[in-house]
Amino acid sequence: MRTLLITGPGGTGRTTVAAATALTAAREGTRTLLLGTDRDDTLGAVLGLRTGPAPTPVEPGLTVWRPDAAQGFRDGLAALQDRAASALDLLGASRLDPEDLTPLPGAEDLALLRALREAALAEAHDLLVVDLPPAPRALALLAAPEELRRCLRRLLPPERQAARALRPVLGRLAGVPMPAEALYEATARWDLELAAAEAVLADRHTAVRLVAEPGPAGADAVRAAALGLALRGLRTDLLVANRVLPEDAPADSWLSGPLAQQRKTLEEWRGAHDVRAVAHLGRDPRGTDDLAALDVPGVNADASPVEWPVTDRLAEDGVLVWHIPLPGAVREDLDLIRRGDELVVAAGPFRRVVPLPSVLRRCTVDGAALRDGALAVRFAPDPELWPRGR
């Protein structure tokens, strides 16, 4: 199944473009699921029907689904209380009534990750189109599975889990209580769920489509979003320039200023992205007829995956070079830290901890350079790091 994640600056029509993209794909014969994330039914307003936690058919080949984050939070809490029933009874704790609870911050994002996993495992559709939140929040959401799994592994490494039979003995020897088996079981369950969501995001059939209005604010937002996506290793299939104004407006009209900004931004974008312009209808699109009139392109199956190759330059320069594409990065805003078998890469407001390829783990960092939108990190083999006897 292909997955197309759609995001962009807030207020630029990303939900409309997501719905139009899904409609185009469905009418081309692709079984498509459109996944909404907004608490309010913005997808329903665009499509002209009500959406909710039950998958709703729009027309042949197109289904829309908007998971209920509040219900998911309540169900998760109820399950947690059931698993911890004996401990709660021992402490004399009162059970929480799920109906009296409202979702905590982050519940909507967790619900979306769970929905991504469920949709991928169901294999009932050929294409999943996801209407993500606005770009800053979407980038944090896309980073969550990898970052949370890394934290879990650091806090409770699976390889350090003692055998169940030795746990009481070790506890007495150490003089401190050992982590409960249930904690490791819960951690393993969380790790499995996060791994499934991470696999969907890292799949070679997953791409991100950016939506923005051509103008100074849109240009800044796209530049930042492209850098954040590149650092996560996510590929973009298209940049949709939305609500493009007609070029035949009178030269002396109030549109002359916005049109000049639009032309400048579109020229800049076309030099760096595969850009598709979507005209302004003169009204807010409502219903499938308006969405079809936008003529939004379907999925770009030819988009190439993002690669971080390692180049062997041992014979020429005595180094291996790791190439990390970072379009739009600024040298002054870059930072690199080698920590064990990981490299911490900071680019502007974004930061990622990435494991080193195996060939680089027995090397030392020899320098780095930013050229043509790519960070080249040089690694020199270090004999001190190789196993003895070699």
# chains A, B, ... in the order shown; residues from 1 in each chain; ligands from 1
call {"tool": "select_by_dssp", "arguments": {"residues": "region 150-378 of chain A", "states": "strand (DSSP E)", "output": "ChimeraX atom specification"}}
result
/A:206-212,236-244,275-279,310-313,319-325,334-339,342-347,350-355,363-371,374-378
call {"tool": "residues_around", "arguments": {"residues": "Leu227 (chain A)", "least_positions_apart": "5", "cutoff": "8 Å", "atoms": "only C-alpha atoms", "output": "list in words"}}
result
Leu326, Pro327, Gly328, Ala329 and Ala347 of chain A
call {"tool": "residues_around", "arguments": {"residues": "region 363-368 of chain A", "least_positions_apart": "6", "cutoff": "8 Å", "atoms": "only C-alpha atoms", "output": "ChimeraX atom specification"}}
result
/A:319,338,375-382,385
call {"tool": "select_by_dssp", "arguments": {"residues": "region 172-241 of chain A", "states": "alpha helix (DSSP H)", "output": "ChimeraX atom specification"}}
result
/A:172-174,181-202,216-231
call {"tool": "residues_around", "arguments": {"residues": "region 268-281 of chain A", "least_positions_apart": "5", "cutoff": "6 Å", "atoms": "only C-alpha atoms", "output": "list in words"}}
result
Leu238, Leu239, Val240, Ala241, Asn242, Arg243, Val244 and Leu245 of chain A
call {"tool": "residues_around", "arguments": {"residues": "region 138-140 of chain A", "least_positions_apart": "3", "cutoff": "8 Å", "atoms": "only C-alpha atoms", "output": "list in words"}}
result
Thr7, Leu132, Pro133, Pro134, Ala135, Ala143, Ala144, Ala225, Gly228 and Leu229 of chain A
call {"tool": "residues_around", "arguments": {"residues": "Glu193 (chain A)", "least_positions_apart": "4", "cutoff": "12 Å", "atoms": "only C-alpha atoms", "output": "list of chain:residue names"}}
result
A:Leu110, A:Ala111, A:Leu113, A:Arg114, A:Ala115, A:Leu116, A:Arg117, A:Glu118, A:Leu121, A:Pro145, A:Glu146, A:Leu148, A:Arg149, A:Ala186, A:Thr187, A:Ala188, A:Arg189, A:Ala197, A:Glu198, A:Ala199, A:Val200
call {"tool": "write_last_selection", "arguments": {"atoms": "C-alpha atoms", "output": "JSON list (two decimals), in the first residue's frame"}}
result
[["chain", "number", "residue", "atom", "x", "y", "z"],
["A", 110, "LEU", "CA", -1.04, 8.98, 19.24],
["A", 111, "ALA", "CA", -4.46, 8.24, 17.75],
["A", 113, "LEU", "CA", -0.10, 6.91, 14.67],
["A", 114, "ARG", "CA", -2.37, 4.06, 15.76],
["A", 115, "ALA", "CA", -4.66, 4.70, 12.78],
["A", 116, "LEU", "CA", -1.67, 4.66, 10.41],
["A", 117, "ARG", "CA", -0.66, 1.27, 11.75],
["A", 118, "GLU", "CA", -4.17, -0.15, 11.58],
["A", 121, "LEU", "CA", -2.11, -3.78, 8.52],
["A", 145, "PRO", "CA", 7.86, 6.91, 16.64],
["A", 146, "GLU", "CA", 11.63, 6.90, 16.15],
["A", 148, "LEU", "CA", 9.97, 7.38, 21.49],
["A", 149, "ARG", "CA", 11.45, 4.00, 20.58],
["A", 186, "ALA", "CA", 4.23, -2.99, 28.49],
["A", 187, "THR", "CA", 7.46, -1.56, 27.06],
["A", 188, "ALA", "CA", 7.68, -4.38, 24.52],
["A", 189, "ARG", "CA", 4.07, -3.76, 23.51],
["A", 197, "ALA", "CA", 4.02, 3.13, 12.73],
["A", 198, "GLU", "CA", 7.70, 3.85, 12.05],
["A", 199, "ALA", "CA", 7.74, 1.15, 9.37],
["A", 200, "VAL", "CA", 4.86, 2.87, 7.55]]
call {"tool": "residues_around", "arguments": {"residues": "Ala18 (chain A)", "least_positions_apart": "2", "cutoff": "7 Å", "atoms": "only C-alpha atoms", "output": "JSON, numbers by chain"}}
result
{"A": [6, 14, 15, 16, 20, 21, 22, 129, 131]}
call {"tool": "closest_residue", "arguments": {"among": "A:Asp237, A:Asp109, A:Asp68, A:Asp38", "to": "Val299 (chain A)", "atoms": "only C-alpha atoms"}}
result
A:Asp237
call {"tool": "atom_distance", "arguments": {"atom1": "CA of Gly8 (chain A)", "atom2": "CA of Leu266 (chain A)"}}
result
15.8 Å
call {"tool": "closest_residue", "arguments": {"among": "A:Val130, A:Val353, A:Leu112, A:Ala217", "to": "Gln261 (chain A)", "atoms": "only C-alpha atoms"}}
result
A:Ala217
call {"tool": "closest_residue", "arguments": {"among": "A:Glu316, A:Arg154, A:Thr37, A:Leu294", "to": "Ala107 (chain A)", "atoms": "only C-alpha atoms"}}
result
A:Thr37
call {"tool": "closest_residue", "arguments": {"among": "A:Arg232, A:Arg223, A:Arg331, A:Arg31", "to": "Ala202 (chain A)", "atoms": "only C-alpha atoms"}}
result
A:Arg232
call {"tool": "closest_residue", "arguments": {"among": "A:Ala120, A:Pro349, A:Thr42, A:Val64", "to": "Ala196 (chain A)", "atoms": "only C-alpha atoms"}}
result
A:Ala120
